[in-house]
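Peer 1: Structure: coords_6.cif, mmCIF, C-alpha atoms.
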data_entry
loop_
_atom_site.label_atom_id
_atom_site.label_comp_id
_atom_site.auth_asym_id
_atom_site.auth_seq_id
_atom_site.Cartn_x
_atom_site.Cartn_y
_atom_site.Cartn_z
CA MET A 1 -28.30 -11.93 -4.08
CA THR A 2 -25.73 -14.68 -4.67
CA TYR A 3 -23.68 -13.01 -7.45
CA SER A 4 -22.71 -16.48 -8.62
CA SER A 5 -22.06 -15.91 -12.33
CA THR A 6 -18.43 -15.83 -13.45
CA ASP A 7 -18.93 -12.28 -14.72
CA GLN A 8 -20.23 -11.10 -11.36
CA ILE A 9 -17.32 -12.70 -9.49
CA ALA A 10 -14.91 -11.06 -11.95
CA GLN A 11 -16.54 -7.68 -11.19
CA GLN A 12 -16.21 -8.29 -7.44
CA LEU A 13 -12.53 -9.20 -7.76
CA ALA A 14 -11.85 -6.16 -9.98
CA PHE A 15 -13.35 -3.97 -7.23
CA LEU A 16 -11.26 -5.66 -4.53
CA VAL A 17 -8.12 -5.23 -6.63
CA GLU A 18 -8.93 -1.52 -7.12
CA LEU A 19 -9.17 -1.13 -3.33
CA ASP A 20 -5.44 -1.92 -3.03
CA LYS A 21 -4.85 1.73 -4.00
CA LEU A 22 -6.26 2.98 -0.67
CA LYS A 23 -3.02 1.70 0.91
CA SER A 24 -1.19 4.50 -0.92
CA ILE A 25 -3.49 7.34 0.15
CA MET A 26 -1.64 9.15 2.92
CA ARG A 27 -3.41 10.97 5.75
CA GLN A 28 -2.02 13.87 7.73
CA SER A 29 -2.04 11.89 11.01
CA PRO A 30 1.17 10.14 12.06
CA LEU A 31 1.56 6.65 13.48
CA ILE A 32 1.83 6.88 17.25
CA ASP A 33 5.57 6.03 17.06
CA GLN A 34 5.90 8.96 14.60
CA SER A 35 7.88 6.84 12.13
CA ARG A 36 5.65 7.96 9.23
CA LYS A 37 2.17 9.20 8.30
CA GLU A 38 -0.82 6.86 8.43
CA ASN A 39 -2.52 5.66 5.24
CA SER A 40 -6.27 5.44 4.76
CA ALA A 41 -6.43 1.62 4.50
CA GLU A 42 -4.74 0.93 7.84
CA HIS A 43 -6.74 3.83 9.38
CA SER A 44 -9.92 2.05 8.22
CA TRP A 45 -8.80 -1.21 9.85
CA HIS A 46 -8.03 0.63 13.06
CA LEU A 47 -11.52 2.14 13.01
CA GLY A 48 -13.07 -1.30 12.42
CA MET A 49 -11.38 -2.40 15.65
CA PHE A 50 -12.58 0.76 17.44
CA ALA A 51 -16.13 -0.24 16.43
CA LEU A 52 -15.76 -3.84 17.64
CA VAL A 53 -14.29 -2.75 20.98
CA LEU A 54 -16.34 0.37 21.75
CA SER A 55 -19.81 -0.19 20.30
CA ALA A 56 -21.33 -0.76 23.76
CA HIS A 57 -20.74 2.97 24.35
CA ALA A 58 -23.18 3.98 21.61
CA LYS A 59 -26.88 4.17 22.35
CA GLU A 60 -28.17 1.26 20.29
CA VAL A 61 -26.30 0.32 17.17
CA ASP A 62 -25.95 -2.70 14.88
CA THR A 63 -22.21 -3.39 15.20
CA LEU A 64 -21.88 -5.00 11.75
CA HIS A 65 -23.43 -1.92 10.22
CA VAL A 66 -21.01 0.41 12.05
CA VAL A 67 -18.08 -1.74 10.91
CA LYS A 68 -19.33 -1.71 7.30
CA LEU A 69 -19.65 2.09 7.31
CA LEU A 70 -16.11 2.46 8.65
CA LEU A 71 -14.47 -0.06 6.31
CA VAL A 72 -16.11 1.68 3.35
CA HIS A 73 -16.01 5.36 4.39
CA ASP A 74 -12.61 6.34 2.92
CA ILE A 75 -12.69 4.34 -0.33
CA VAL A 76 -13.59 7.47 -2.35
CA GLU A 77 -10.17 8.87 -1.43
CA ILE A 78 -8.66 6.54 -4.06
CA ASP A 79 -9.78 9.15 -6.61
CA ALA A 80 -10.51 12.22 -4.47
CA GLY A 81 -7.61 12.16 -1.99
CA ASP A 82 -7.67 12.78 1.76
CA HIS A 83 -8.88 16.16 3.02
CA PRO A 84 -7.59 16.87 6.53
CA LEU A 85 -9.86 18.32 9.20
CA HIS A 86 -7.49 21.20 9.95
CA SER A 87 -7.03 22.49 6.39
CA ALA A 88 -9.32 25.45 5.77
CA SER A 89 -9.49 25.05 2.01
CA GLY A 90 -12.93 26.56 1.50
CA GLN A 91 -13.47 24.04 -1.28
CA ALA A 92 -16.07 21.89 0.41
CA ALA A 93 -18.42 21.82 -2.59
CA LEU A 94 -15.64 20.87 -5.02
CA ILE A 95 -14.43 18.09 -2.71
CA GLU A 96 -17.96 16.81 -2.27
CA ALA A 97 -18.48 16.63 -6.03
CA ALA A 98 -15.14 14.85 -6.55
CA GLU A 99 -15.98 12.32 -3.84
CA ARG A 100 -19.39 11.69 -5.36
CA ARG A 101 -17.83 10.99 -8.78
CA ALA A 102 -15.27 8.72 -7.09
CA ALA A 103 -17.99 6.78 -5.29
CA GLU A 104 -19.91 6.25 -8.52
CA ARG A 105 -16.85 5.07 -10.42
CA ILE A 106 -15.39 2.79 -7.76
CA PHE A 107 -18.59 1.22 -6.40
CA GLY A 108 -19.73 1.01 -10.04
CA LEU A 109 -17.09 -1.69 -10.58
CA LEU A 110 -19.27 -4.09 -8.55
CA PRO A 111 -22.36 -5.99 -9.76
CA GLU A 112 -25.12 -3.38 -9.92
CA GLN A 113 -27.09 -4.15 -6.76
CA GLN A 114 -23.99 -4.66 -4.62
CA GLY A 115 -22.51 -1.42 -5.96
CA ARG A 116 -25.68 0.42 -5.00
CA GLU A 117 -25.52 -1.05 -1.50
CA MET A 118 -21.92 0.16 -1.08
CA LEU A 119 -22.84 3.60 -2.43
CA ASP A 120 -25.71 3.73 0.07
CA LEU A 121 -23.31 2.90 2.92
CA TRP A 122 -21.00 5.73 1.89
CA CYS A 123 -23.91 8.20 1.56
CA GLU A 124 -25.24 7.11 4.96
CA PHE A 125 -21.86 7.73 6.59
CA GLU A 126 -21.56 11.16 4.98
CA ALA A 127 -25.10 12.19 5.98
CA ALA A 128 -24.47 11.18 9.63
CA GLN A 129 -28.14 10.81 10.51
CA THR A 130 -28.61 7.13 11.45
CA PRO A 131 -27.42 5.94 14.90
CA GLU A 132 -24.75 3.81 13.21
CA ALA A 133 -23.43 6.67 11.07
CA ILE A 134 -23.44 9.06 14.03
CA PHE A 135 -21.37 6.58 16.05
CA ALA A 136 -19.05 5.81 13.10
CA LYS A 137 -18.37 9.55 12.66
CA ALA A 138 -17.58 9.80 16.37
CA LEU A 139 -14.99 7.00 16.11
CA ASP A 140 -13.49 8.61 12.99
CA ARG A 141 -12.78 11.69 15.17
CA LEU A 142 -11.78 9.77 18.30
CA GLN A 143 -9.00 7.77 16.61
CA PRO A 144 -6.90 10.75 15.38
CA LEU A 145 -7.61 12.57 18.64
CA LEU A 146 -6.04 9.71 20.60
CA ILE A 147 -3.13 9.49 18.16
CA ASN A 148 -2.45 13.23 18.46
CA THR A 149 -2.41 13.16 22.26
CA LEU A 150 0.18 10.34 22.10
CA SER A 151 2.45 11.67 19.33
CA ASN A 152 3.58 15.10 20.54
CA GLY A 153 0.42 16.74 19.25
CA GLY A 154 0.55 15.25 15.73
CA THR A 155 -1.62 17.28 13.35
CA TRP A 156 -2.49 19.78 16.13
CA ALA A 157 1.14 20.74 16.66
CA GLU A 158 1.76 20.85 12.88
CA ASN A 159 -1.19 23.17 12.31
CA GLY A 160 -0.97 25.28 15.48
CA VAL A 161 -4.37 24.05 16.63
CA THR A 162 -5.37 25.26 20.12
CA ARG A 163 -7.10 23.34 22.90
CA GLN A 164 -10.26 25.33 22.26
CA GLN A 165 -10.20 24.50 18.53
CA VAL A 166 -9.79 20.81 19.36
CA MET A 167 -12.75 20.98 21.72
CA GLU A 168 -14.86 22.68 19.02
CA ARG A 169 -13.80 20.47 16.08
CA TYR A 170 -13.92 17.08 17.81
CA GLY A 171 -16.28 17.58 20.74
CA PRO A 172 -19.73 17.84 19.12
CA VAL A 173 -19.11 14.91 16.74
CA ILE A 174 -17.76 12.55 19.42
CA GLU A 175 -20.29 13.60 22.06
CA ARG A 176 -23.18 13.09 19.63
CA GLY A 177 -22.04 9.49 19.09
CA SER A 178 -21.17 8.74 22.68
CA PRO A 179 -21.23 11.19 25.62
CA VAL A 180 -19.18 8.82 27.79
CA LEU A 181 -16.42 8.49 25.19
CA TRP A 182 -16.27 12.28 24.85
CA GLU A 183 -15.95 12.59 28.61
CA VAL A 184 -12.85 10.37 28.53
CA ALA A 185 -11.50 11.88 25.29
CA SER A 186 -11.87 15.49 26.45
CA GLN A 187 -9.87 14.57 29.55
CA CYS A 188 -7.11 13.20 27.29
CA VAL A 189 -7.14 16.50 25.38
CA SER A 190 -6.93 18.56 28.57
CA ASP A 191 -4.09 16.38 29.87
CA TYR A 192 -2.22 16.71 26.57
CA PHE A 193 -2.46 20.51 26.42
CA ALA A 194 -1.59 20.90 30.12
CA LYS A 195 1.51 18.75 29.58
CA ALA A 196 2.44 20.51 26.31
CA GLN A 197 2.27 23.89 28.08
CA THR A 198 4.43 22.69 30.97
CA GLY A 199 6.94 21.28 28.50
CA LYS A 200 7.42 24.67 26.85
CA MET B 1 -21.52 -6.11 28.96
CA THR B 2 -21.44 -2.32 28.86
CA TYR B 3 -17.86 -1.76 30.09
CA SER B 4 -18.96 1.65 31.30
CA SER B 5 -16.56 2.33 34.17
CA THR B 6 -13.75 4.80 33.53
CA ASP B 7 -11.20 2.04 34.23
CA GLN B 8 -12.74 -0.26 31.65
CA ILE B 9 -12.79 2.48 29.00
CA ALA B 10 -9.15 3.24 29.81
CA GLN B 11 -8.32 -0.46 29.25
CA GLN B 12 -10.17 -0.45 25.92
CA LEU B 13 -8.33 2.67 24.74
CA ALA B 14 -4.96 1.22 25.84
CA PHE B 15 -5.71 -1.85 23.71
CA LEU B 16 -6.71 0.28 20.69
CA VAL B 17 -3.53 2.36 21.07
CA GLU B 18 -1.43 -0.84 21.19
CA LEU B 19 -3.02 -1.96 17.91
CA ASP B 20 -1.33 0.98 16.13
CA LYS B 21 1.82 -1.18 16.07
CA LEU B 22 0.26 -3.60 13.55
CA LYS B 23 0.75 -0.84 10.94
CA SER B 24 4.51 -1.41 11.24
CA ILE B 25 4.44 -5.21 10.83
CA MET B 26 5.51 -5.87 7.24
CA ARG B 27 4.33 -8.85 5.23
CA GLN B 28 6.19 -10.46 2.37
CA SER B 29 3.43 -9.57 -0.15
CA PRO B 30 3.83 -6.39 -2.19
CA LEU B 31 1.21 -3.80 -2.98
CA ILE B 32 -0.17 -4.46 -6.46
CA ASP B 33 1.69 -1.41 -7.81
CA GLN B 34 4.89 -2.93 -6.33
CA SER B 35 5.85 0.37 -4.66
CA ARG B 36 6.47 -1.39 -1.33
CA LYS B 37 5.53 -4.40 0.82
CA GLU B 38 2.11 -4.59 2.46
CA ASN B 39 1.68 -4.22 6.23
CA SER B 40 -0.58 -6.41 8.35
CA ALA B 41 -3.02 -3.63 9.33
CA GLU B 42 -3.91 -2.62 5.76
CA HIS B 43 -3.97 -6.32 4.80
CA SER B 44 -6.57 -6.85 7.54
CA TRP B 45 -8.70 -3.99 6.19
CA HIS B 46 -8.47 -5.43 2.70
CA LEU B 47 -9.64 -8.80 4.03
CA GLY B 48 -12.55 -7.14 5.84
CA MET B 49 -13.66 -5.80 2.46
CA PHE B 50 -13.16 -9.23 0.86
CA ALA B 51 -15.55 -10.60 3.50
CA LEU B 52 -18.19 -7.90 2.91
CA VAL B 53 -18.07 -8.36 -0.87
CA LEU B 54 -17.67 -12.13 -1.18
CA SER B 55 -19.54 -13.70 1.74
CA ALA B 56 -22.39 -14.87 -0.52
CA HIS B 57 -19.88 -17.37 -1.97
CA ALA B 58 -19.52 -19.20 1.34
CA LYS B 59 -22.05 -21.85 2.30
CA GLU B 60 -23.80 -20.14 5.19
CA VAL B 61 -21.86 -17.69 7.27
CA ASP B 62 -22.56 -14.82 9.67
CA THR B 63 -20.82 -11.96 7.85
CA LEU B 64 -20.11 -9.95 11.01
CA HIS B 65 -18.42 -12.97 12.50
CA VAL B 66 -16.23 -13.46 9.40
CA VAL B 67 -15.28 -9.76 9.48
CA LYS B 68 -14.43 -9.95 13.20
CA LEU B 69 -12.20 -12.99 12.66
CA LEU B 70 -10.34 -11.22 9.85
CA LEU B 71 -9.91 -7.87 11.62
CA VAL B 72 -8.48 -9.71 14.64
CA HIS B 73 -6.52 -12.57 13.02
CA ASP B 74 -3.13 -10.85 12.64
CA ILE B 75 -3.01 -8.84 15.88
CA VAL B 76 -0.66 -11.39 17.50
CA GLU B 77 1.96 -10.38 14.92
CA ILE B 78 2.58 -7.20 16.96
CA ASP B 79 4.69 -9.42 19.24
CA ALA B 80 5.27 -12.56 17.17
CA GLY B 81 5.93 -11.07 13.69
CA ASP B 82 4.62 -12.24 10.32
CA HIS B 83 5.50 -15.76 9.17
CA PRO B 84 5.17 -16.05 5.39
CA LEU B 85 3.51 -19.08 3.78
CA HIS B 86 6.53 -19.83 1.58
CA SER B 87 9.20 -19.84 4.28
CA ALA B 88 9.97 -23.41 5.33
CA SER B 89 11.31 -22.57 8.78
CA GLY B 90 10.34 -25.82 10.47
CA GLN B 91 9.63 -23.79 13.60
CA ALA B 92 5.86 -24.18 13.65
CA ALA B 93 5.70 -25.13 17.34
CA LEU B 94 7.89 -22.19 18.39
CA ILE B 95 5.82 -19.76 16.31
CA GLU B 96 2.60 -21.16 17.73
CA ALA B 97 3.85 -20.70 21.29
CA ALA B 98 5.00 -17.13 20.57
CA GLU B 99 1.64 -16.27 19.01
CA ARG B 100 -0.20 -17.73 21.99
CA ARG B 101 1.85 -15.58 24.40
CA ALA B 102 1.22 -12.55 22.18
CA ALA B 103 -2.54 -13.19 22.16
CA GLU B 104 -2.63 -13.46 25.94
CA ARG B 105 -0.62 -10.28 26.45
CA ILE B 106 -2.38 -8.10 23.87
CA PHE B 107 -6.00 -9.24 24.38
CA GLY B 108 -5.20 -9.18 28.11
CA LEU B 109 -5.07 -5.37 27.90
CA LEU B 110 -8.87 -5.35 27.52
CA PRO B 111 -11.48 -5.71 30.29
CA GLU B 112 -11.45 -9.42 31.20
CA GLN B 113 -14.58 -10.65 29.42
CA GLN B 114 -13.92 -8.67 26.26
CA GLY B 115 -10.32 -9.87 26.20
CA ARG B 116 -11.54 -13.45 26.45
CA GLU B 117 -13.94 -12.88 23.56
CA MET B 118 -11.11 -11.54 21.38
CA LEU B 119 -8.85 -14.45 22.37
CA ASP B 120 -11.68 -16.83 21.43
CA LEU B 121 -11.98 -15.17 18.00
CA TRP B 122 -8.26 -15.60 17.37
CA CYS B 123 -8.34 -19.26 18.52
CA GLU B 124 -11.38 -19.90 16.33
CA PHE B 125 -9.60 -18.49 13.28
CA GLU B 126 -6.50 -20.55 13.96
CA ALA B 127 -8.47 -23.78 14.47
CA ALA B 128 -10.37 -23.27 11.17
CA GLN B 129 -13.28 -25.52 12.10
CA THR B 130 -16.36 -23.25 12.13
CA PRO B 131 -17.91 -22.20 8.78
CA GLU B 132 -16.88 -18.60 9.45
CA ALA B 133 -13.26 -19.49 10.23
CA ILE B 134 -13.05 -21.82 7.22
CA PHE B 135 -14.25 -18.98 4.97
CA ALA B 136 -12.00 -16.40 6.67
CA LYS B 137 -8.96 -18.65 6.09
CA ALA B 138 -9.97 -18.99 2.42
CA LEU B 139 -10.04 -15.20 2.00
CA ASP B 140 -6.68 -14.88 3.78
CA ARG B 141 -5.23 -17.10 1.02
CA LEU B 142 -7.23 -15.57 -1.84
CA GLN B 143 -6.05 -12.00 -1.23
CA PRO B 144 -2.27 -12.64 -1.61
CA LEU B 145 -2.98 -15.04 -4.49
CA LEU B 146 -4.72 -12.24 -6.40
CA ILE B 147 -1.96 -9.76 -5.51
CA ASN B 148 0.74 -12.15 -6.73
CA THR B 149 -0.97 -12.75 -10.09
CA LEU B 150 -1.10 -8.96 -10.60
CA SER B 151 2.39 -8.00 -9.40
CA ASN B 152 4.76 -10.04 -11.57
CA GLY B 153 4.44 -13.07 -9.32
CA GLY B 154 5.10 -11.26 -6.03
CA THR B 155 6.14 -13.73 -3.35
CA TRP B 156 5.97 -16.64 -5.82
CA ALA B 157 8.60 -15.11 -8.09
CA GLU B 158 10.74 -14.13 -5.07
CA ASN B 159 10.66 -17.64 -3.65
CA GLY B 160 10.76 -19.64 -6.91
CA VAL B 161 7.33 -21.13 -6.19
CA THR B 162 5.93 -23.29 -9.02
CA ARG B 163 2.38 -23.47 -10.34
CA GLN B 164 1.99 -26.87 -8.73
CA GLN B 165 3.15 -25.56 -5.34
CA VAL B 166 0.66 -22.70 -5.60
CA MET B 167 -2.13 -25.15 -6.38
CA GLU B 168 -1.16 -27.28 -3.37
CA ARG B 169 -0.60 -24.44 -0.88
CA TYR B 170 -3.63 -22.30 -1.74
CA GLY B 171 -6.09 -24.74 -3.36
CA PRO B 172 -7.34 -26.85 -0.45
CA VAL B 173 -7.79 -23.85 1.88
CA ILE B 174 -9.66 -21.70 -0.65
CA GLU B 175 -11.73 -24.57 -2.03
CA ARG B 176 -12.78 -25.63 1.49
CA GLY B 177 -14.15 -22.12 2.10
CA SER B 178 -15.69 -21.63 -1.33
CA PRO B 179 -15.45 -24.02 -4.31
CA VAL B 180 -16.66 -21.32 -6.72
CA LEU B 181 -14.00 -18.83 -5.60
CA TRP B 182 -11.32 -21.50 -6.03
CA GLU B 183 -12.59 -22.19 -9.53
CA VAL B 184 -12.06 -18.52 -10.45
CA ALA B 185 -8.80 -18.20 -8.46
CA SER B 186 -7.22 -21.33 -9.97
CA GLN B 187 -7.96 -19.90 -13.41
CA CYS B 188 -6.12 -16.69 -12.41
CA VAL B 189 -3.16 -18.83 -11.30
CA SER B 190 -3.11 -20.79 -14.56
CA ASP B 191 -3.33 -17.58 -16.59
CA TYR B 192 -0.49 -16.02 -14.59
CA PHE B 193 1.89 -18.98 -15.00
CA ALA B 194 1.02 -19.36 -18.70
CA LYS B 195 1.81 -15.67 -19.23
CA ALA B 196 4.97 -15.80 -17.08
CA GLN B 197 6.25 -18.73 -19.16
CA THR B 198 5.55 -16.95 -22.44
CA GLY B 199 7.31 -13.85 -21.12
CA LYS B 200 10.53 -15.79 -20.46
#
Could you express the structure from this file as structure tokens?
Peer 2:
Amino acid sequence: MTYSSTDQIAQQLAFLVELDKLKSIMRQSPLIDQSRKENSAEHSWHLGMFALVLSAHAKEVDTLHVVKLLLVHDIVEIDAGDHPLHSASGQAALIEAAERRAAERIFGLLPEQQGREMLDLWCEFEAAQTPEAIFAKALDRLQPLLINTLSNGGTWAENGVTRQQVMERYGPVIERGSPVLWEVASQCVSDYFAKAQTGK
Amino acid sequence: MTYSSTDQIAQQLAFLVELDKLKSIMRQSPLIDQSRKENSAEHSWHLGMFALVLSAHAKEVDTLHVVKLLLVHDIVEIDAGDHPLHSASGQAALIEAAERRAAERIFGLLPEQQGREMLDLWCEFEAAQTPEAIFAKALDRLQPLLINTLSNGGTWAENGVTRQQVMERYGPVIERGSPVLWEVASQCVSDYFAKAQTGK
């Protein structure tokens, strides 16, 4: 598709303008220098770079496809907000429904076929079944893990999360995407908790 | 290259950790809601999305390559800072040298071959000679143009930039990457200045 009519270009620009709002969606994770919390737009850029740098550690993935999944994966938060890993809200079904409505509204701003393609990318990421989505999910866990180990525990310290909980909540997702990255990441976790304990 | 040794993975993670600093590099452009200025990391994400959505409007480009150029293009600002389009500092050579040193230091954190590949991407963007770099440069002008038309003039209003200056500073770069996008963008500019004049 070329999307070359003026109307189609206007729809594309309206979508891109709407995306500006993701810069105001705050996550629970801090920046590494702890000056403030991270927002979902800059988080998505960071993950795009994780994909470009680390994709050789996945089994066999199409790098462009991993990058697409990661650039798109948080857009629904513009309407549905961010839902941190360590909050036990018990509202998974409600959140899922709100995110689905958000995806339909926001990707619906695009020309129809392109909107459907974006919706498919988001659904693919959420389902975590393709090699690309499995790896993208792993990176989406690896990035805050690294940040937490380098910012006095970040969301772990804030939520009283133990070493064992970290291993359980991050391990399976990262290891499924890349065993070698989990090997390195789990060492970072062990080092962090050993140091945190000594510091007390 | 697989970069599978523990040392190489450690280098890759050190690079990705360093990139966190781009989230604290502030640009002159505001968010569209004018709540604050935009930072270079979220700007880079926004441009990645511009590339995914608009690449059919370039002549013939490899979309992954355009996305790579845009995700990487501002990383040098971690050391060299952001240099706005409308500041007439007359220090182009100094800035260029500082950015070159920054590129060598930051991409030098990676395993050697991967660092060279990233440095090549940044040089390619700066040189603006390949179809992908020409289109990436066009998007890097289109995004702040759109933001300015939607945020009471943004950096144009702040710097007293006229309609003619906008046409001269943005037109050739956007038109070179995509005549049809410039057609739509120049109409947005005309509409903005017409409305701004009526509002006075």
Peer 1: Mind listing as number ranges by chain which residues of chain A are within 9 Å of chain B, counting only C-alpha atoms?
Peer 2: A: 1-4, 6, 9-10, 12-13, 16-17, 19-24, 31-33, 35, 38-46, 48-50, 52-57, 63-65, 67-68, 71-72, 110, 114, 143, 146-147, 150, 180-181, 184
Peer 1: Please write the residues picked by the PyMOL selection byres ((chain A and resi 163) around 8) on this file as a PDB file with C-alpha atoms, in the coordinates of the input.
Peer 2:
ATOM      1  CA  VAL A 161      -4.370  24.050  16.630  1.00  0.00           C
ATOM      2  CA  THR A 162      -5.370  25.260  20.120  1.00  0.00           C
ATOM      3  CA  GLN A 164     -10.260  25.330  22.260  1.00  0.00           C
ATOM      4  CA  GLN A 165     -10.200  24.500  18.530  1.00  0.00           C
ATOM      5  CA  VAL A 166      -9.790  20.810  19.360  1.00  0.00           C
ATOM      6  CA  MET A 167     -12.750  20.980  21.720  1.00  0.00           C
ATOM      7  CA  VAL A 189      -7.140  16.500  25.380  1.00  0.00           C
ATOM      8  CA  SER A 190      -6.930  18.560  28.570  1.00  0.00           C
ATOM      9  CA  PHE A 193      -2.460  20.510  26.420  1.00  0.00           C
TER      10      PHE A 193
END
Peer 1: Do a neighbour search on Pro144 (chain B) at 9 Å with only C-alpha atoms, toss out local chain neighbours closer than 5 positions, and write the hits as a PyMOL selection string.
Peer 2: chain B and resi 29-30+139+149+154-155
Peer 1: Kindly export the residues of the current selection with C-alpha atoms, as a compact mmCIF listing (two decimals), keeping the file's coordinate frame.
Peer 2:
# COMPACT_ATOMS: atom_id res chain seq x y z
CA SER B 29 3.43 -9.57 -0.15
CA PRO B 30 3.83 -6.39 -2.19
CA LEU B 139 -10.04 -15.20 2.00
CA THR B 149 -0.97 -12.75 -10.09
CA GLY B 154 5.10 -11.26 -6.03
CA THR B 155 6.14 -13.73 -3.35
Peer 1: Find the distance between CA of Cys123 (chain A) and CA of Asp74 (chain A) and write it in Å to one decimal.
Peer 2: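 Atom-to-atom, CA of Cys123 (chain A) to CA of Asp74 (chain A), that is 11.5 Å.
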Peer 1: So which residues get picked by the PyMOL selection byres ((chain A and resi 106) around 9) here, written as a PDB file with C-alpha atoms, in the frame of the given file?
Peer 2:
ATOM      1  CA  PHE A  15     -13.350  -3.970  -7.230  1.00  0.00           C
ATOM      2  CA  GLU A  18      -8.930  -1.520  -7.120  1.00  0.00           C
ATOM      3  CA  LEU A  19      -9.170  -1.130  -3.330  1.00  0.00           C
ATOM      4  CA  ILE A  75     -12.690   4.340  -0.330  1.00  0.00           C
ATOM      5  CA  VAL A  76     -13.590   7.470  -2.350  1.00  0.00           C
ATOM      6  CA  ILE A  78      -8.660   6.540  -4.060  1.00  0.00           C
ATOM      7  CA  ASP A  79      -9.780   9.150  -6.610  1.00  0.00           C
ATOM      8  CA  ARG A 101     -17.830  10.990  -8.780  1.00  0.00           C
ATOM      9  CA  ALA A 102     -15.270   8.720  -7.090  1.00  0.00           C
ATOM     10  CA  ALA A 103     -17.990   6.780  -5.290  1.00  0.00           C
ATOM     11  CA  GLU A 104     -19.910   6.250  -8.520  1.00  0.00           C
ATOM     12  CA  ARG A 105     -16.850   5.070 -10.420  1.00  0.00           C
ATOM     13  CA  PHE A 107     -18.590   1.220  -6.400  1.00  0.00           C
ATOM     14  CA  GLY A 108     -19.730   1.010 -10.040  1.00  0.00           C
ATOM     15  CA  LEU A 109     -17.090  -1.690 -10.580  1.00  0.00           C
ATOM     16  CA  LEU A 110     -19.270  -4.090  -8.550  1.00  0.00           C
ATOM     17  CA  GLY A 115     -22.510  -1.420  -5.960  1.00  0.00           C
TER      18      GLY A 115
END
Peer 1: Can you turn the PyMOL selection byres ((chain B and resi 138) around 10) into a concrete residue list for this file, as a ChimeraX atom specification?
Peer 2: /B:58,128,132-137,139-143,170-178,181-182
Peer 1: Just how far from CA of Glu117 (chain A) is CA of His73 (chain A), in Å to one decimal?
Peer 2: 12.9 Å
Peer 1: Distance CA of Glu96 (chain A)-CA of Glu126 (chain A), one decimal place?
Peer 2: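 Distance between the two atoms: 9.9 Å.
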